[in-house]
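> As input, take entry26.tsv (TSV, C-alpha atoms):
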```tsv
chain	number	residue	atom	x	y	z
A	1	MET	CA	266.11	227.13	186.55
A	2	LYS	CA	265.44	223.74	184.96
A	3	PHE	CA	265.28	222.62	181.34
A	4	PHE	CA	264.02	219.39	179.86
A	5	ASP	CA	264.19	218.28	176.22
A	6	LYS	CA	262.32	215.40	174.60
A	7	THR	CA	261.87	214.21	171.03
A	8	LEU	CA	258.62	212.48	170.06
A	9	TRP	CA	258.53	210.37	166.89
A	10	PHE	CA	255.61	209.76	164.53
A	11	ASN	CA	255.20	207.61	161.45
A	12	THR	CA	251.70	207.84	160.05
A	13	ASN	CA	250.01	205.33	157.77
A	14	ASN	CA	248.44	208.09	155.71
A	15	ARG	CA	249.80	211.19	154.03
A	16	ARG	CA	247.58	213.34	156.27
A	17	GLU	CA	246.64	212.61	159.86
A	18	ILE	CA	245.73	214.47	162.99
A	19	ILE	CA	247.04	212.82	166.16
A	20	HIS	CA	245.94	213.65	169.69
A	21	ILE	CA	249.07	214.15	171.81
A	22	SER	CA	247.83	215.91	174.99
A	23	ARG	CA	248.69	212.87	177.11
A	24	GLN	CA	252.18	212.53	175.64
A	25	ILE	CA	252.95	216.21	176.23
A	26	GLN	CA	251.70	216.08	179.83
A	27	ASP	CA	253.89	213.00	180.31
A	28	VAL	CA	256.92	215.03	179.18
A	29	VAL	CA	256.01	217.76	181.68
A	30	ASP	CA	255.69	215.12	184.42
A	31	GLU	CA	259.05	213.61	183.48
A	32	SER	CA	260.67	217.07	183.54
A	33	GLY	CA	259.81	217.65	187.19
A	34	ILE	CA	259.04	221.26	186.25
A	35	THR	CA	255.91	222.60	187.94
A	36	GLU	CA	255.96	226.25	186.82
A	37	GLY	CA	257.09	227.48	183.41
A	38	LEU	CA	256.48	227.13	179.69
A	39	CYS	CA	256.34	224.09	177.44
A	40	TYR	CA	257.35	224.46	173.78
A	41	VAL	CA	255.98	221.87	171.33
A	42	GLY	CA	257.27	222.23	167.79
A	43	SER	CA	257.62	220.27	164.60
A	44	MET	CA	261.17	219.66	163.35
A	45	HIS	CA	259.81	219.31	159.82
A	46	THR	CA	258.44	221.81	157.33
A	47	THR	CA	255.33	219.84	156.40
A	48	ALA	CA	253.70	219.36	159.81
A	49	ALA	CA	252.01	221.61	162.35
A	50	VAL	CA	250.99	221.58	166.00
A	51	LEU	CA	247.60	222.86	167.00
A	52	VAL	CA	245.25	223.16	169.94
A	53	ASN	CA	241.53	222.69	169.37
A	54	ASP	CA	238.64	220.27	169.97
A	55	ASN	CA	238.98	216.50	169.74
A	56	GLU	CA	235.97	216.10	167.44
A	57	SER	CA	236.33	214.04	164.29
A	58	GLY	CA	233.83	216.04	162.24
A	59	LEU	CA	235.81	219.19	162.91
A	60	HIS	CA	239.05	217.47	161.95
A	61	SER	CA	237.45	216.44	158.67
A	62	ASP	CA	236.31	220.04	158.13
A	63	LEU	CA	239.88	221.22	158.72
A	64	PHE	CA	241.28	218.91	156.03
A	65	ASP	CA	238.51	220.04	153.65
A	66	LEU	CA	239.37	223.67	154.28
A	67	LEU	CA	243.08	223.05	153.78
A	68	GLU	CA	242.28	221.41	150.45
A	69	LYS	CA	240.23	224.46	149.48
A	70	ILE	CA	242.92	226.98	150.48
A	71	ALA	CA	246.01	225.17	149.19
A	72	PRO	CA	244.85	222.26	147.02
A	73	TYR	CA	247.02	219.19	146.65
A	74	SER	CA	246.22	218.54	143.02
A	75	VAL	CA	246.93	221.98	141.57
A	76	ARG	CA	249.59	221.84	138.88
A	77	GLY	CA	251.07	225.31	139.19
A	78	TYR	CA	253.27	224.94	142.32
A	79	LYS	CA	256.84	225.91	141.47
A	80	HIS	CA	258.14	223.87	144.41
A	81	ASN	CA	256.86	220.70	142.75
A	82	ARG	CA	259.06	221.33	139.69
A	83	THR	CA	262.00	220.34	141.90
A	84	GLY	CA	260.71	216.77	141.87
A	85	GLU	CA	258.70	217.15	145.09
A	86	ASP	CA	254.93	216.69	145.27
A	87	ASN	CA	254.38	218.36	148.65
A	88	ALA	CA	254.19	222.11	148.01
A	89	GLU	CA	250.68	222.11	149.42
A	90	ALA	CA	251.91	220.49	152.64
A	91	HIS	CA	254.55	223.20	153.16
A	92	LEU	CA	252.02	225.96	152.55
A	93	ARG	CA	249.45	224.44	154.89
A	94	ALA	CA	252.09	224.04	157.61
A	95	MET	CA	253.10	227.70	157.29
A	96	PHE	CA	249.52	228.86	157.77
A	97	LEU	CA	248.76	226.54	160.67
A	98	HIS	CA	252.08	227.31	162.39
A	99	PRO	CA	254.61	224.63	163.32
A	100	GLN	CA	254.61	225.24	167.04
A	101	ILE	CA	252.62	225.91	170.16
A	102	ILE	CA	253.64	227.14	173.62
A	103	LEU	CA	251.71	226.00	176.66
A	104	PRO	CA	251.93	227.37	180.18
A	105	VAL	CA	252.73	224.93	182.98
A	106	SER	CA	251.19	225.76	186.35
A	107	ASN	CA	251.13	223.43	189.39
A	108	GLY	CA	252.75	220.75	187.24
A	109	GLN	CA	249.91	220.75	184.71
A	110	LEU	CA	249.61	222.06	181.15
A	111	VAL	CA	247.09	224.89	181.26
A	112	LEU	CA	244.35	223.90	178.82
A	113	GLY	CA	240.70	224.87	178.67
A	114	THR	CA	237.88	222.36	179.04
A	115	TRP	CA	237.80	221.42	175.35
A	116	GLN	CA	241.37	222.19	174.39
A	117	ARG	CA	243.48	219.27	173.22
A	118	ILE	CA	246.92	219.26	171.59
A	119	PHE	CA	247.33	217.72	168.13
A	120	TYR	CA	250.19	216.82	165.85
A	121	LEU	CA	249.02	217.57	162.33
A	122	GLU	CA	250.82	215.47	159.75
A	123	LEU	CA	250.56	216.94	156.27
A	124	ASP	CA	253.07	214.75	154.38
A	125	GLY	CA	253.55	211.55	156.29
A	126	LYS	CA	254.29	207.88	155.76
A	127	ARG	CA	257.81	208.42	157.08
A	128	ARG	CA	259.48	209.01	160.42
A	129	LYS	CA	259.05	212.56	161.62
A	130	ARG	CA	259.50	214.21	164.98
A	131	LEU	CA	258.36	216.85	167.40
A	132	PHE	CA	260.68	218.61	169.80
A	133	VAL	CA	259.40	219.41	173.27
A	134	LYS	CA	261.26	221.71	175.65
A	135	VAL	CA	260.03	222.54	179.12
A	136	ILE	CA	261.64	225.47	180.97
A	137	GLY	CA	260.96	226.73	184.46
A	138	GLU	CA	261.36	225.49	187.99
B	139	MET	CA	262.74	232.99	188.81
B	140	LYS	CA	259.23	234.36	189.18
B	141	PHE	CA	255.89	233.25	187.75
B	142	PHE	CA	252.58	235.03	187.67
B	143	ASP	CA	249.23	233.68	186.43
B	144	LYS	CA	246.09	235.64	185.69
B	145	THR	CA	242.75	234.80	184.10
B	146	LEU	CA	240.89	237.49	182.15
B	147	TRP	CA	237.17	237.04	181.46
B	148	PHE	CA	235.14	238.24	178.49
B	149	ASN	CA	231.46	238.12	177.65
B	150	THR	CA	230.72	239.80	174.33
B	151	ASN	CA	227.36	241.15	173.19
B	152	ASN	CA	227.94	239.85	169.67
B	153	ARG	CA	228.96	236.51	168.25
B	154	ARG	CA	232.10	238.11	166.81
B	155	GLU	CA	234.12	240.91	168.36
B	156	ILE	CA	237.64	242.18	168.45
B	157	ILE	CA	238.64	243.63	171.82
B	158	HIS	CA	241.72	245.74	172.48
B	159	ILE	CA	243.51	244.30	175.53
B	160	SER	CA	247.00	245.87	175.47
B	161	ARG	CA	246.31	247.85	178.64
B	162	GLN	CA	244.94	244.82	180.49
B	163	ILE	CA	247.98	242.72	179.55
B	164	GLN	CA	250.43	245.44	180.62
B	165	ASP	CA	248.51	245.66	183.90
B	166	VAL	CA	249.11	241.93	184.44
B	167	VAL	CA	252.83	242.45	183.79
B	168	ASP	CA	252.87	245.35	186.26
B	169	GLU	CA	251.05	243.26	188.86
B	170	SER	CA	253.53	240.40	188.36
B	171	GLY	CA	256.51	242.52	189.35
B	172	ILE	CA	258.46	240.78	186.58
B	173	THR	CA	260.66	243.18	184.60
B	174	GLU	CA	262.50	240.76	182.29
B	175	GLY	CA	260.98	237.67	180.70
B	176	LEU	CA	258.15	236.45	178.51
B	177	CYS	CA	254.40	236.95	178.72
B	178	TYR	CA	252.10	234.24	177.35
B	179	VAL	CA	248.55	235.30	176.39
B	180	GLY	CA	246.33	232.45	175.27
B	181	SER	CA	242.68	231.60	174.82
B	182	MET	CA	241.31	228.76	176.94
B	183	HIS	CA	238.60	228.17	174.34
B	184	THR	CA	238.70	226.65	170.87
B	185	THR	CA	236.69	229.40	169.16
B	186	ALA	CA	238.77	232.47	170.01
B	187	ALA	CA	242.18	233.82	169.05
B	188	VAL	CA	244.73	236.35	170.23
B	189	LEU	CA	246.42	238.62	167.75
B	190	VAL	CA	248.74	241.58	167.48
B	191	ASN	CA	248.09	244.20	164.80
B	192	ASP	CA	246.81	247.77	164.27
B	193	ASN	CA	243.96	249.30	166.23
B	194	GLU	CA	242.12	250.49	163.09
B	195	SER	CA	238.43	249.72	162.74
B	196	GLY	CA	238.48	249.50	158.93
B	197	LEU	CA	241.16	246.83	159.15
B	198	HIS	CA	239.19	244.91	161.76
B	199	SER	CA	236.20	244.93	159.43
B	200	ASP	CA	238.44	243.69	156.59
B	201	LEU	CA	239.62	240.85	158.85
B	202	PHE	CA	236.07	239.67	159.54
B	203	ASP	CA	235.27	239.92	155.82
B	204	LEU	CA	238.30	237.79	154.99
B	205	LEU	CA	237.42	235.20	157.64
B	206	GLU	CA	233.94	234.96	156.13
B	207	LYS	CA	235.51	234.41	152.71
B	208	ILE	CA	237.96	231.75	153.90
B	209	ALA	CA	235.68	229.81	156.27
B	210	PRO	CA	232.08	231.03	155.74
B	211	TYR	CA	229.59	230.84	158.56
B	212	SER	CA	226.61	229.92	156.43
B	213	VAL	CA	228.07	226.99	154.51
B	214	ARG	CA	226.04	223.85	155.03
B	215	GLY	CA	228.73	221.22	154.57
B	216	TYR	CA	230.57	221.36	157.91
B	217	LYS	CA	230.59	217.93	159.52
B	218	HIS	CA	231.15	219.47	162.95
B	219	ASN	CA	227.76	221.15	162.73
B	220	ARG	CA	226.05	217.77	162.34
B	221	THR	CA	226.81	217.24	166.05
B	222	GLY	CA	224.26	219.94	166.85
B	223	GLU	CA	226.81	222.77	166.96
B	224	ASP	CA	226.69	225.76	164.64
B	225	ASN	CA	230.24	226.98	165.17
B	226	ALA	CA	232.50	224.93	162.89
B	227	GLU	CA	233.55	228.13	161.15
B	228	ALA	CA	234.62	229.65	164.48
B	229	HIS	CA	236.87	226.66	165.29
B	230	LEU	CA	238.47	226.78	161.84
B	231	ARG	CA	239.06	230.53	161.99
B	232	ALA	CA	240.61	230.18	165.45
B	233	MET	CA	243.00	227.48	164.21
B	234	PHE	CA	244.24	229.69	161.40
B	235	LEU	CA	244.62	232.83	163.49
B	236	HIS	CA	246.29	230.93	166.34
B	237	PRO	CA	244.96	230.92	169.93
B	238	GLN	CA	248.00	232.47	171.54
B	239	ILE	CA	250.71	235.09	171.43
B	240	ILE	CA	253.97	235.46	173.36
B	241	LEU	CA	255.33	238.91	174.14
B	242	PRO	CA	258.76	239.80	175.46
B	243	VAL	CA	258.94	241.83	178.67
B	244	SER	CA	261.92	244.19	178.94
B	245	ASN	CA	262.38	246.88	181.60
B	246	GLY	CA	258.92	246.01	182.91
B	247	GLN	CA	257.21	246.79	179.61
B	248	LEU	CA	255.68	244.58	176.93
B	249	VAL	CA	257.83	245.00	173.83
B	250	LEU	CA	255.48	246.24	171.11
B	251	GLY	CA	256.15	248.29	167.99
B	252	THR	CA	254.64	251.74	167.44
B	253	TRP	CA	251.41	250.43	165.91
B	254	GLN	CA	251.23	247.04	167.55
B	255	ARG	CA	248.28	246.43	169.84
B	256	ILE	CA	247.05	243.18	171.43
B	257	PHE	CA	243.54	241.94	170.66
B	258	TYR	CA	241.24	239.23	171.92
B	259	LEU	CA	239.34	237.94	168.91
B	260	GLU	CA	236.01	236.46	169.87
B	261	LEU	CA	234.62	234.18	167.15
B	262	ASP	CA	231.70	232.57	169.00
B	263	GLY	CA	230.74	234.78	171.89
B	264	LYS	CA	227.71	235.83	173.93
B	265	ARG	CA	228.92	233.69	176.81
B	266	ARG	CA	231.66	233.85	179.45
B	267	LYS	CA	235.05	232.97	178.04
B	268	ARG	CA	238.55	233.48	179.30
B	269	LEU	CA	242.17	234.18	178.45
B	270	PHE	CA	245.05	232.83	180.48
B	271	VAL	CA	248.08	235.05	180.98
B	272	LYS	CA	251.35	233.77	182.42
B	273	VAL	CA	254.40	235.94	182.95
B	274	ILE	CA	257.73	234.23	183.61
B	275	GLY	CA	261.09	235.81	184.34
B	276	GLU	CA	262.67	237.90	187.06
C	277	MET	CA	268.59	233.56	184.80
C	278	LYS	CA	269.88	235.55	181.87
C	279	PHE	CA	268.14	237.78	179.32
C	280	PHE	CA	269.45	239.21	176.08
C	281	ASP	CA	267.68	241.65	173.74
C	282	LYS	CA	268.64	242.55	170.19
C	283	THR	CA	266.97	244.55	167.43
C	284	LEU	CA	267.61	243.57	163.81
C	285	TRP	CA	266.87	246.10	161.06
C	286	PHE	CA	265.70	245.45	157.49
C	287	ASN	CA	265.10	247.74	154.53
C	288	THR	CA	264.00	245.77	151.48
C	289	ASN	CA	264.24	246.95	147.87
C	290	ASN	CA	260.85	245.44	147.08
C	291	ARG	CA	257.44	245.68	148.68
C	292	ARG	CA	257.51	241.93	149.35
C	293	GLU	CA	260.58	239.87	150.19
C	294	ILE	CA	261.47	236.76	152.12
C	295	ILE	CA	264.83	237.00	153.87
C	296	HIS	CA	266.74	234.07	155.35
C	297	ILE	CA	267.81	235.03	158.89
C	298	SER	CA	268.81	231.73	160.54
C	299	ARG	CA	272.46	232.82	160.74
C	300	GLN	CA	271.60	236.20	162.24
C	301	ILE	CA	269.39	234.63	164.89
C	302	GLN	CA	272.02	232.05	165.84
C	303	ASP	CA	274.53	234.93	166.10
C	304	VAL	CA	272.21	236.62	168.62
C	305	VAL	CA	272.05	233.40	170.62
C	306	ASP	CA	275.86	233.15	170.53
C	307	GLU	CA	276.21	236.77	171.64
C	308	SER	CA	273.76	236.17	174.51
C	309	GLY	CA	275.91	233.49	176.10
C	310	ILE	CA	272.70	231.59	176.85
C	311	THR	CA	272.99	227.86	176.20
C	312	GLU	CA	269.60	226.61	177.47
C	313	GLY	CA	266.31	228.46	177.07
C	314	LEU	CA	263.95	230.00	174.55
C	315	CYS	CA	264.55	232.52	171.78
C	316	TYR	CA	261.71	234.86	170.76
C	317	VAL	CA	261.86	236.35	167.26
C	318	GLY	CA	259.07	238.82	166.48
C	319	SER	CA	258.24	241.61	164.10
C	320	MET	CA	257.72	245.05	165.64
C	321	HIS	CA	255.51	245.99	162.68
C	322	THR	CA	252.01	244.98	161.67
C	323	THR	CA	252.82	244.18	158.05
C	324	ALA	CA	255.58	241.59	158.45
C	325	ALA	CA	255.81	238.03	159.68
C	326	VAL	CA	258.40	235.52	160.86
C	327	LEU	CA	258.25	231.95	159.65
C	328	VAL	CA	260.15	228.69	159.70
C	329	ASN	CA	260.17	226.56	156.57
C	330	ASP	CA	262.37	225.40	153.67
C	331	ASN	CA	264.88	227.63	151.94
C	332	GLU	CA	263.60	226.79	148.44
C	333	SER	CA	262.86	229.62	146.03
C	334	GLY	CA	260.04	227.81	144.21
C	335	LEU	CA	258.22	227.34	147.50
C	336	HIS	CA	258.70	231.00	148.42
C	337	SER	CA	257.17	231.96	145.08
C	338	ASP	CA	254.25	229.58	145.79
C	339	LEU	CA	253.75	231.28	149.17
C	340	PHE	CA	253.48	234.74	147.61
C	341	ASP	CA	251.07	233.35	144.99
C	342	LEU	CA	248.91	231.85	147.73
C	343	LEU	CA	248.92	235.08	149.74
C	344	GLU	CA	247.78	236.94	146.63
C	345	LYS	CA	244.97	234.41	146.21
C	346	ILE	CA	243.82	234.58	149.85
C	347	ALA	CA	244.15	238.35	150.43
C	348	PRO	CA	244.72	240.01	147.05
C	349	TYR	CA	246.62	243.29	146.85
C	350	SER	CA	244.54	244.81	144.09
C	351	VAL	CA	241.07	244.28	145.52
C	352	ARG	CA	239.22	247.59	145.91
C	353	GLY	CA	236.95	246.76	148.83
C	354	TYR	CA	239.35	247.01	151.81
C	355	LYS	CA	238.00	249.50	154.32
C	356	HIS	CA	241.49	250.02	155.76
C	357	ASN	CA	242.61	251.50	152.44
C	358	ARG	CA	239.96	254.23	152.69
C	359	THR	CA	242.16	255.77	155.41
C	360	GLY	CA	244.70	256.64	152.72
C	361	GLU	CA	246.73	253.45	153.20
C	362	ASP	CA	247.27	250.89	150.43
C	363	ASN	CA	248.45	248.01	152.62
C	364	ALA	CA	245.34	246.31	154.02
C	365	GLU	CA	246.41	243.11	152.29
C	366	ALA	CA	249.78	243.21	154.04
C	367	HIS	CA	248.17	243.50	157.48
C	368	LEU	CA	245.82	240.61	156.76
C	369	ARG	CA	248.59	238.38	155.43
C	370	ALA	CA	250.73	239.17	158.49
C	371	MET	CA	247.88	238.21	160.84
C	372	PHE	CA	247.48	234.83	159.17
C	373	LEU	CA	251.18	234.03	158.99
C	374	HIS	CA	251.77	235.21	162.58
C	375	PRO	CA	254.28	237.90	163.50
C	376	GLN	CA	256.45	235.78	165.73
C	377	ILE	CA	258.21	232.49	166.30
C	378	ILE	CA	259.74	230.93	169.41
C	379	LEU	CA	262.73	228.63	169.10
C	380	PRO	CA	264.23	226.40	171.75
C	381	VAL	CA	267.91	226.83	172.55
C	382	SER	CA	269.73	223.66	173.64
C	383	ASN	CA	273.50	223.30	174.05
C	384	GLY	CA	273.86	226.85	172.73
C	385	GLN	CA	272.15	226.05	169.43
C	386	LEU	CA	268.74	226.92	168.03
C	387	VAL	CA	266.85	223.63	167.72
C	388	LEU	CA	265.89	223.35	164.04
C	389	GLY	CA	265.17	220.33	161.90
C	390	THR	CA	267.26	219.39	158.88
C	391	TRP	CA	265.33	221.60	156.45
C	392	GLN	CA	264.03	224.23	158.83
C	393	ARG	CA	265.27	227.77	158.25
C	394	ILE	CA	264.06	231.04	159.80
C	395	PHE	CA	262.72	233.78	157.52
C	396	TYR	CA	261.72	237.39	157.87
C	397	LEU	CA	258.73	237.91	155.61
C	398	GLU	CA	258.38	241.51	154.49
C	399	LEU	CA	254.89	242.27	153.21
C	400	ASP	CA	255.07	246.07	152.90
C	401	GLY	CA	258.70	247.08	152.66
C	402	LYS	CA	260.95	249.71	151.07
C	403	ARG	CA	261.40	251.31	154.48
C	404	ARG	CA	263.30	250.60	157.69
C	405	LYS	CA	261.61	247.93	159.77
C	406	ARG	CA	262.77	245.81	162.64
C	407	LEU	CA	262.63	242.48	164.40
C	408	PHE	CA	263.01	242.11	168.13
C	409	VAL	CA	264.89	239.08	169.44
C	410	LYS	CA	264.89	238.11	173.11
C	411	VAL	CA	266.77	235.12	174.47
C	412	ILE	CA	265.94	233.92	177.99
C	413	GLY	CA	267.50	231.09	179.96
C	414	GLU	CA	270.88	230.27	181.44
```
If you took the structure in this file and wrote it as structure tokens, what would it be?


Amino acid sequence: MKFFDKTLWFNTNNRREIIHISRQIQDVVDESGITEGLCYVGSMHTTAAVLVNDNESGLHSDLFDLLEKIAPYSVRGYKHNRTGEDNAEAHLRAMFLHPQIILPVSNGQLVLGTWQRIFYLELDGKRRKRLFVKVIGE
Amino acid sequence: MKFFDKTLWFNTNNRREIIHISRQIQDVVDESGITEGLCYVGSMHTTAAVLVNDNESGLHSDLFDLLEKIAPYSVRGYKHNRTGEDNAEAHLRAMFLHPQIILPVSNGQLVLGTWQRIFYLELDGKRRKRLFVKVIGE
Amino acid sequence: MKFFDKTLWFNTNNRREIIHISRQIQDVVDESGITEGLCYVGSMHTTAAVLVNDNESGLHSDLFDLLEKIAPYSVRGYKHNRTGEDNAEAHLRAMFLHPQIILPVSNGQLVLGTWQRIFYLELDGKRRKRLFVKVIGE
């Protein structure tokens, strides 16, 4: 049984960004030498998420609009923000979108459908943050 | 270490359906011969989800009502739909409900609580779509 | 390849509670003797979730406020509640927050970021409920 760990760093220019990372994750699988198994991709922060969906900019814009509708940034009532933080909305959004994804690895390749791409979703950026990738298998 | 891959196909009569697949997933585990490990069940499409909850039709109806409240189908503003698509809401719903589930396998059985059942949630159907199942373990 | 299963029981005093379980999950990893692999932590009930985020009480309060906004407890229209149940909202909240989390295990430790903590989120408590933990690896 083989294991391979890798940390990927991000530092976005904007508070919120969606970054296509399918290539980087496949590169980690390639580097691992593992051809059958599972690949974990997870944020090590509490204000970021990992998701799999289409690489279509209109849809990404719709996602940020929906997040603003569900957990608005500018609402005053967040108790978390009384601690001096201003990112309660980013924590809440990350909880709902889930911080992690697992992908199967078969024949050395991440198993993704025709339109499926992997994204790092930054919800409170402009600072160095990281993803942890672990591949297990053989 | 053993690995077993299986693709399950669906083609719903309606745009939105929730399909009970616990038996099909246990059949894949049985076929794999793996008695200890993990079982990944994930959509290969960006407008479907996999979930674990009760097999109660009233609750399923409540879920579709809530999805319509959170990300309505008929809203005009979706940028994704300007590309000629009409399924922005299905992508957004799939992102929030997550495209995948992992289940433990112990003593050859999927570990599920008394009321837990596995469902394929079709959010933009009437065409052939598939789930990928991968069992890893021994 | 090694496997280790453990059931953790909870019985909350309140209908809704968020319980910090990072220490308990690391204890399971320690007990397993597994130093490299994956750790599954999942609810065996359909009205509870597992999440990873900050251990900050204001944020936890914000989360419960948001859940009440998205899927209110007191709404009359839930079809599930016509079966004699009063917990449709708890099922719906659990579906959105996901019943499970996977954590990597490296060098015998759960891989968590500086502020990441694991929580059991009880959404319909005051009775005995359980989490299932499975560690796989070597």

> Taking all atoms listed in the file into account, name the residue in B:Ile274, B:Ala186, B:Ala228, B:Leu146 that is nearest to chain C.

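The shortest atom-to-atom distance to chain C comes from B:Ile274.
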
> Identify, on the basis of only C-alpha atoms, every residue whose closest approach to Arg358 (chain C) does not exceed 10 Å; exclude the query and any residue fewer than 6 positions from it along the same chain; express the result as a list in words.

Gly196 and Leu197 of chain B; Arg352 and Ala364 of chain C

> Which distance in Å separates CA of Phe202 (chain B) and CA of His374 (chain C), to one decimal?

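Interatomic distance, CA of Phe202 (chain B) to CA of His374 (chain C): 16.6 Å.
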
> Determine which residues of chain C sit within 7 Å of chain A, taking into account only C-alpha atoms, and present them as a list of chain:residue names.

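Applying the cut-off to the listed atoms yields C:Gly313, C:Asn329, C:Asp330, C:Gly334, C:Leu335, C:Asp338, C:Leu339, C:Phe372, C:Leu373, C:Pro380, C:Leu388, C:Gly389, C:Trp391, C:Gln392.
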
> Between CA of Ile172 (chain B) and CA of Thr114 (chain A), what is the spacing in Å?

28.6 Å

> What lies within 9 Å of Phe257 (chain B) using all atoms listed in the file, ignoring chain neighbours under 6 positions off, as a ChimeraX atom specification?

/B:156-160,187-191,193

> Can you tell me how far CA of Tyr258 (chain B) sits from CA of Lys144 (chain B), in Å to one decimal?

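Pair CA of Tyr258 (chain B) / CA of Lys144 (chain B) returns 15.0 Å.
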
> Which residues, protein or nucleic acid, reach to within 10 Å of (246.1, 212.7, 159.0) in the file's coordinates when using all atoms listed in the file, and can you give that as a ChimeraX atom specification?

/A:12-19,60-61,64,120-125
